[in-house]
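One structure below.
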Amino acid sequence: MAKAAADGNARTWSDVRPQRRASIPEGMWVRCSSCSKMVYKRHLEANLHVCPECSFHNRIGAAERVKQLADTGTFQEMFANLTPTDPLGFKDLKGYKDRLLAEQIKTGRVDAVKAGTCFIKGRATMLCCLDLTFMMGSMGSVVGEVVTRSIEHATRDSLPLVIVSCSGGARMQEAGLSLMQMAKTSAALARYDDAGGLFISVLTDPTTGGVTASFAMLGDVILAEPDALIGFAGPRVIAQTIRQELPEGFQRSEFLQKSGLVDRVVPRAQLRNELARLIDFAGK
């Protein structure tokens, strides 16, 4: 043993100890926020961001929504040149201008909406999607203007209109200017309805506040994803106002379907087929 050590051939602990197992690359697995099970990220993405274990529908942004609904390569974005301003000079913990800039850098988007023409299973459609990743999909002047222009374009070109809503409601940093978008979008939809257009409103988690109180609930057909939170005020505010205990799940899409406020609850994997079927049915 001494001779081997002298020859420099002795094996040390560093030579024989078990090698540390290679670490798993960060972000490869995600934990479902509903069932708490670990899900392979690529499987989750292939399943349209729906948990394969419990069917929980994860929230997604506007770009992903367009990718899921529009035929490949057919989406032509419109109204992307509209940018938000700060006419009120609003400031809370942070200036509105600074907040907007931070959101634009984070998301790569100008505001919380993405709209354009596309084909859905071969059917020409005007598609407008709110983006939850940008200030919780809140509706400010730009969102209201893009939604209105989308409605007006669908009216001029006699296109079916699909609006996918996911929003925390009116954007408080724009105060009354944000609330005006409720009337503007609703008036545009009234003109679209007079022209005989088909408006399919898709409600996703969450659809609340001024968006619910305006265009989101004015669809000729109202679809909703499973277990989506849909309402105007929060349950705590409602309970305190009416001083009554609220039914379990009363602001979820399944409850609203039973109450007649939602026509169908459609899983995300079936949404494209359902939209195409409704467009065909209305065109007959």
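Residues are referred to by chain and number: the chain letter is A, B, ... according to the order shown in the structure tokens, the number counts from 1 in that chain, and ligands are numbered separately from 1 in the order shown.
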
Inset, instruction - From the DSSP assignment of the backbone, select every residue of stretch 57-262 of chain A that is helix (DSSP H, G or I), and format the answer as a ChimeraX atom specification. - result: /A:62-69,96-107,135-137,141-156,172-194,209-212,215-217,235-242,253-258

Legend entry - All strand (DSSP E) residues (DSSP, backbone) inside stretch 81-262 of chain A, as a count of residues only: 36

Inset, instruction - Name the residues in contact with A:Ala233 at a cut-off of 8 Å, using only C-alpha atoms, excluding same-chain residues fewer than 2 positions from it; report them as a list in words. - result: Thr208, Gly209, Gly231, Pro235, Val237 and Ile238 of chain A

Could you turn the residues from that selection into a file that holds C-alpha atoms, as a CSV table (one decimal), in the first residue's frame?
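Printed below is result14.csv as written:
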chain,number,residue,atom,x,y,z
A,208,THR,CA,-64.5,39.9,-14.4
A,209,GLY,CA,-65.4,43.6,-13.9
A,231,GLY,CA,-68.5,37.7,-12.7
A,235,PRO,CA,-67.7,37.0,-4.0
A,237,VAL,CA,-68.1,42.1,-2.0
A,238,ILE,CA,-71.4,40.4,-3.1

Legend entry - Coordinates-based distance that separates atom CA of A:Gly140 from atom CA of A:Ala175 (Å, one decimal): 8.7 Å

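Rounded to one decimal, atom CA of A:Cys166 and atom CA of A:Leu132 lie 6.0 Å from each other.
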
Inset, instruction - Have a look at atom CA of A:Met139 and atom CA of A:Leu198 and let me know their distance in Å, one decimal. - result: 22.8 Å

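Closest to A:Asp98 among A:Gln173, A:Val30, A:Pro267, A:Pro52 is A:Gln173, based on only C-alpha atoms.
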
Legend entry - 7 Å contact set for stretch 215-223 of chain A, only C-alpha atoms, chain neighbours under 3 positions out, as a PyMOL selection string: chain A and resi 165+185-186+198-203+211-212+262-266

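Closest to A:Thr85 among A:Leu261, A:Val143, A:Ala112, A:Leu100 is A:Leu100, based on only C-alpha atoms.
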
Legend entry - Contact residues around A:Thr155 with only C-alpha atoms at 8 Å, ignoring same-chain residues under 4 positions, as an NGL selection string: :A and (151 or 159 or 191-192 or 195 or 197)

Those same residues - N, CA and C atoms - I'd like them written as a PDB file, in the first residue's frame.
ATOM      1  N   ILE A 151     -64.686  44.834 -34.073  1.00  0.00           N
ATOM      2  CA  ILE A 151     -66.128  44.699 -34.331  1.00  0.00           C
ATOM      3  C   ILE A 151     -66.497  45.419 -35.619  1.00  0.00           C
ATOM      4  N   LEU A 159     -67.834  39.395 -41.485  1.00  0.00           N
ATOM      5  CA  LEU A 159     -67.115  38.266 -40.907  1.00  0.00           C
ATOM      6  C   LEU A 159     -67.725  37.866 -39.576  1.00  0.00           C
ATOM      7  N   ARG A 191     -74.456  47.781 -33.488  1.00  0.00           N
ATOM      8  CA  ARG A 191     -74.439  48.014 -34.938  1.00  0.00           C
ATOM      9  C   ARG A 191     -74.103  46.730 -35.693  1.00  0.00           C
ATOM     10  N   TYR A 192     -73.186  45.948 -35.137  1.00  0.00           N
ATOM     11  CA  TYR A 192     -72.823  44.662 -35.753  1.00  0.00           C
ATOM     12  C   TYR A 192     -74.025  43.716 -35.764  1.00  0.00           C
ATOM     13  N   ALA A 195     -76.463  44.564 -38.391  1.00  0.00           N
ATOM     14  CA  ALA A 195     -75.991  44.149 -39.714  1.00  0.00           C
ATOM     15  C   ALA A 195     -76.079  42.637 -39.912  1.00  0.00           C
ATOM     16  N   GLY A 197     -74.519  40.231 -38.008  1.00  0.00           N
ATOM     17  CA  GLY A 197     -73.281  39.507 -37.727  1.00  0.00           C
ATOM     18  C   GLY A 197     -73.434  38.462 -36.639  1.00  0.00           C
TER      19      GLY A 197
END

Inset, instruction - Identify, on the basis of only C-alpha atoms, every residue whose closest approach to stretch 37-40 of chain A does not exceed 8 Å; exclude the query and any residue fewer than 5 positions from it along the same chain; express the result as a ChimeraX atom specification. - result: /A:28-32,51-53

Determine, for each residue of stretch 160-206 of chain A having at least one atom at most 9 Å from an atom of stretch 57-69 of chain A, the closest pair of atoms and their separation in Å to one decimal, counting only C-alpha atoms; order by chain and ascending number, as JSON lines.
{"residue": "A:Val164", "atom": "CA", "partner": "A:Arg65", "partner_atom": "CA", "distance": 8.4}
{"residue": "A:Cys166", "atom": "CA", "partner": "A:Arg59", "partner_atom": "CA", "distance": 8.7}
{"residue": "A:Thr204", "atom": "CA", "partner": "A:Arg59", "partner_atom": "CA", "distance": 8.1}
{"residue": "A:Asp205", "atom": "CA", "partner": "A:Arg59", "partner_atom": "CA", "distance": 6.7}
{"residue": "A:Pro206", "atom": "CA", "partner": "A:Arg59", "partner_atom": "CA", "distance": 8.5}

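Closest approach to A:Ala188 from the set A:Gly210, A:Gly144, A:Ser158, A:Phe79 is made by A:Gly144, with distances taken over only C-alpha atoms.
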
Inset, instruction - Write out as a list in words each polymer residue whose atoms come within 10 Å of A:Phe75, counting only C-alpha atoms; drop sequence neighbours fewer than 6 positions from it. - result: Val66, Lys67, Leu69, Ala115, Gly116, Thr117, Cys118, Phe119, Ile120, Thr125, Met126 and Leu127 of chain A
